[in-house]
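A.B. asks: Structure below; questions to follow.
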Amino acid sequence: MPAPTLTSSLLRPHRTYRLAVSAAFLLQGLCFSTWAARIPTVQQQLGLSDTELGGVLLAVPVGSMASLPLSGWLVARFGSRLLTVLGLFLYAAFLPLLGLATTIPLLMGALVLFGLASNMANISINTQAVGVEALYGKSIMAAFHGLWSLAGFAGAALGTFMISNAIAPLPHFLLVAAVVISSVFLVRPYLLPADAPREADAPIFVLPDKSLLLLGVLAFCSLLCEGTMFDWSGVYFGKIVRADKDLVGVGFAAFMSTMAAGRFVADWFADRFGRQRTLVLSGLLEAAGLLIAVAFPNVVAATLGFMLVGLGVSSVVPLVYGAAGRSKTMSPGVALAAVSTVGFAGFLLGPPVIGLVAGATNLRVSFTLIALMGLAVAALARRSDID
């Protein structure tokens with residue numbers, strides 16, 4: 001009897017699954033950007049210094065890294081559809097806890113839970129995306145990540161509106177949580193019902209080989225920059241750019257808009273000019289944008305700089321994930337898990353490190369150091385065989 005395949009278990013047209021997974025990326029991005037947009041408000045409410053905020057933000061990677069083995073095992077045991085629903089439900093449900101926190105210990109506890117749910121959603125949704133991409137037989141990962149970024153832009157815009165109208169984080173978070181939770185149960189029936197089959201004795205997680213490790217480091221450097229922009233762009237505009245209160249979220253919105261737009265053209269651009277050249281250009285744009293914001297800390301120049309950063313980071317992770325899925329040494333799922341784990345560490349660890357460095361020096365020094373990560377992306381891409 002032939003082994004079951006992913007295609008044989010499908011009951012709906014491929015486009016239906018693609019739309020459902022797209023919705024999952026949108027909901028995940030909305031949850032994260034809702035929190036990111038209100039970090040300056042929470043910092044002000046609790047009276048946190050940059051160093052203290054950096055320490056508090058360490059709670060997110062603690063929760064995320066703690067959930068890595070659990071999330072991988074749960075996805076392997078119960079499938080990515082169930083874990084996508086559970087991960088998004090918990091991600092949204094824990095969001096209001098961040099608005100309820102009135103002390104540093106309470107906020108850190110809520111952020112640990114938020115980080116745990118974040119990683120559970122991230123692993124399961126990307127597993128769904130790998131399955132849908134396999135159905136189409138072509139690269140569509142960048143478009144999925146573009147939708148995540150688009151949701152991030154929407155979340156940033158909503159956050160700017162809430163801040164300008166003096167709406168506290170808690171009602172803001174409750175509104176978004178209600179939207180996400182109701183939406184995820186509407187989407188659930190249309191997610192992929194089964195993942196690509198894996199061998200019974202195949203490990204859930206393995207260390208990447210040399211080529212995959214290089215991809216992981218590429219993702220690490222770019223995601224470190226991306227994570228910094230999520231958590232610190234608003235603080236940078238408030239403290240360094242000294243933007244008016246109503247304009248504090250403009251930098252984050254500018255970054256998110258170009259990151260989203262870039263991801264919708266990343267597949268075409270890479271096919272036209274080559275993946276390696278695309279990655280080199282991406283790293284240079286990241287570095288240039290950050291250095292412009294550091295050298296010229298005014299609203300116009302910093303906004304332009306953040307737009308270049310968003311364009312730079314837009315293609316790195318989708319191209320790296322796509323290359324990992326084509327690995328000749330590991331199955332696509334295992335390779336993707338290994339590379340995304342290395343890369344995701346940068347996304348989680350970058351913001352706390354920025355806070356610690358800023359406490360010892362200032363945010364302009366911190367952002368200059370992050371610019372070096374962009375240069376590292378360009379240098380590492382030249383050594384890769386991603387094409």
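Just remember, in the structure tokens the first chain shown is A, the second B, etc., residues are 1-based per chain, and ligands are 1-based in the order shown.
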Residues of region 208-244 of chain A that approach region 50-63 of chain A to 10 Å or less, counting only C-alpha atoms: could you list each one with the shortest pair of atoms and its distance in Å to one decimal, rows by chain and increasing residue number, as CSV?
C.D. replies:
```
residue,atom,partner,partner_atom,distance
A:Asp231,CA,A:Leu57,CA,8.7
A:Trp232,CA,A:Asp50,CA,9.6
A:Val235,CA,A:Asp50,CA,8.8
```
A.B. asks: Excluding Trp268 (chain A) and its own-chain neighbours fewer than 3 positions away, which residues fall within 12 Å of it when counting only C-alpha atoms? Please give them as a PyMOL selection string.
C.D. replies: chain A and resi 138-140+142-143+262-265+271-275+278+315+319
A.B. asks: With only C-alpha atoms as the atoms that count, which of A:Val248, A:Ile125, A:Ile181, A:Leu192 lies nearest to Ala37 (chain A)?
C.D. replies: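 Distance minimum relative to Ala37 (chain A) lands on A:Val248.
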A.B. asks: Would you mind telling me which residue in A:Leu191, A:Ala20, A:Leu100, A:Val180 lies nearest to Gly79 (chain A) when using only C-alpha atoms?
C.D. replies: A:Leu191
A.B. asks: I want to know what sits within 10 Å of Phe94 (chain A), based on only C-alpha atoms, with residues of the same chain fewer than 4 positions away left out; could you give that as a VMD selection string?
C.D. replies: chain A and resid 31 88 to 90 98 to 99 110 to 118 173 to 174 177
A.B. asks: Skip region 220-227 of chain A itself and residues of its chain fewer than 3 positions away, then list as an mmCIF file with C-alpha atoms, in the first residue's frame all residues within 10 Å of it, counting only C-alpha atoms.
C.D. replies:
```cif
data_model
loop_
_atom_site.group_PDB
_atom_site.id
_atom_site.type_symbol
_atom_site.label_atom_id
_atom_site.label_comp_id
_atom_site.auth_asym_id
_atom_site.auth_seq_id
_atom_site.Cartn_x
_atom_site.Cartn_y
_atom_site.Cartn_z
ATOM 1 C CA ALA A 36 5.630 46.718 19.603
ATOM 2 C CA LEU A 214 25.534 30.048 7.128
ATOM 3 C CA LEU A 215 21.890 30.577 6.190
ATOM 4 C CA GLY A 216 21.004 30.662 9.875
ATOM 5 C CA VAL A 217 23.654 33.290 10.612
ATOM 6 C CA PHE A 230 10.185 46.585 16.144
ATOM 7 C CA ASP A 231 11.012 47.269 19.770
ATOM 8 C CA TRP A 232 13.161 50.402 19.631
ATOM 9 C CA SER A 233 12.058 52.490 16.639
ATOM 10 C CA PHE A 255 9.837 50.713 8.378
ATOM 11 C CA MET A 256 6.862 48.353 8.245
ATOM 12 C CA MET A 259 9.293 45.893 4.553
ATOM 13 C CA SER A 282 19.591 43.983 1.264
ATOM 14 C CA GLY A 283 22.436 44.084 3.777
ATOM 15 C CA GLU A 286 19.987 47.905 6.177
ATOM 16 C CA ALA A 287 23.335 49.456 7.071
ATOM 17 C CA LEU A 290 20.498 52.894 10.102
ATOM 18 C CA VAL A 309 16.046 49.490 6.645
ATOM 19 C CA GLY A 310 12.591 48.022 6.001
ATOM 20 C CA GLY A 312 16.688 45.903 3.273
ATOM 21 C CA VAL A 313 15.326 43.345 5.722
ATOM 22 C CA SER A 314 12.301 42.534 3.550
ATOM 23 C CA SER A 315 13.879 39.817 1.412
ATOM 24 C CA VAL A 316 16.465 38.203 3.691
ATOM 25 C CA VAL A 317 14.335 35.852 5.785
ATOM 26 C CA VAL A 339 17.679 27.619 10.267
ATOM 27 C CA SER A 340 14.684 29.483 11.685
ATOM 28 C CA THR A 341 15.766 28.628 15.230
ATOM 29 C CA VAL A 342 19.220 30.158 14.683
ATOM 30 C CA GLY A 343 17.723 33.184 12.936
ATOM 31 C CA PHE A 344 14.901 33.723 15.401
ATOM 32 C CA ALA A 345 17.441 34.008 18.211
ATOM 33 C CA GLY A 346 18.622 37.263 16.618
ATOM 34 C CA PHE A 347 15.078 38.605 16.474
ATOM 35 C CA LEU A 348 14.596 37.879 20.154
ATOM 36 C CA LEU A 349 18.003 38.777 21.554
ATOM 37 C CA GLY A 350 18.596 41.986 19.586
ATOM 38 C CA PRO A 351 16.150 44.295 21.414
ATOM 39 C CA PRO A 352 17.368 43.452 24.949
ATOM 40 C CA VAL A 353 21.004 43.872 23.877
ATOM 41 C CA ILE A 354 20.164 47.270 22.383
ATOM 42 C CA PHE A 367 21.873 51.689 16.257
ATOM 43 C CA LEU A 369 26.271 48.652 16.078
ATOM 44 C CA ILE A 370 23.130 47.230 14.482
ATOM 45 C CA ALA A 371 24.215 48.792 11.177
ATOM 46 C CA LEU A 372 27.215 46.451 11.330
ATOM 47 C CA MET A 373 24.751 43.547 11.184
ATOM 48 C CA GLY A 374 23.605 44.837 7.807
ATOM 49 C CA LEU A 375 27.180 44.863 6.575
ATOM 50 C CA ALA A 376 27.571 41.321 7.916
ATOM 51 C CA VAL A 377 24.552 40.216 5.848
ATOM 52 C CA LEU A 380 28.043 36.590 4.353
#
```
A.B. asks: Which value, in Å to one decimal, gives the distance between CA of Tyr136 (chain A) and CA of Leu26 (chain A)?
C.D. replies: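 So the two atoms, CA of Tyr136 (chain A) and CA of Leu26 (chain A), lie 20.2 Å apart.
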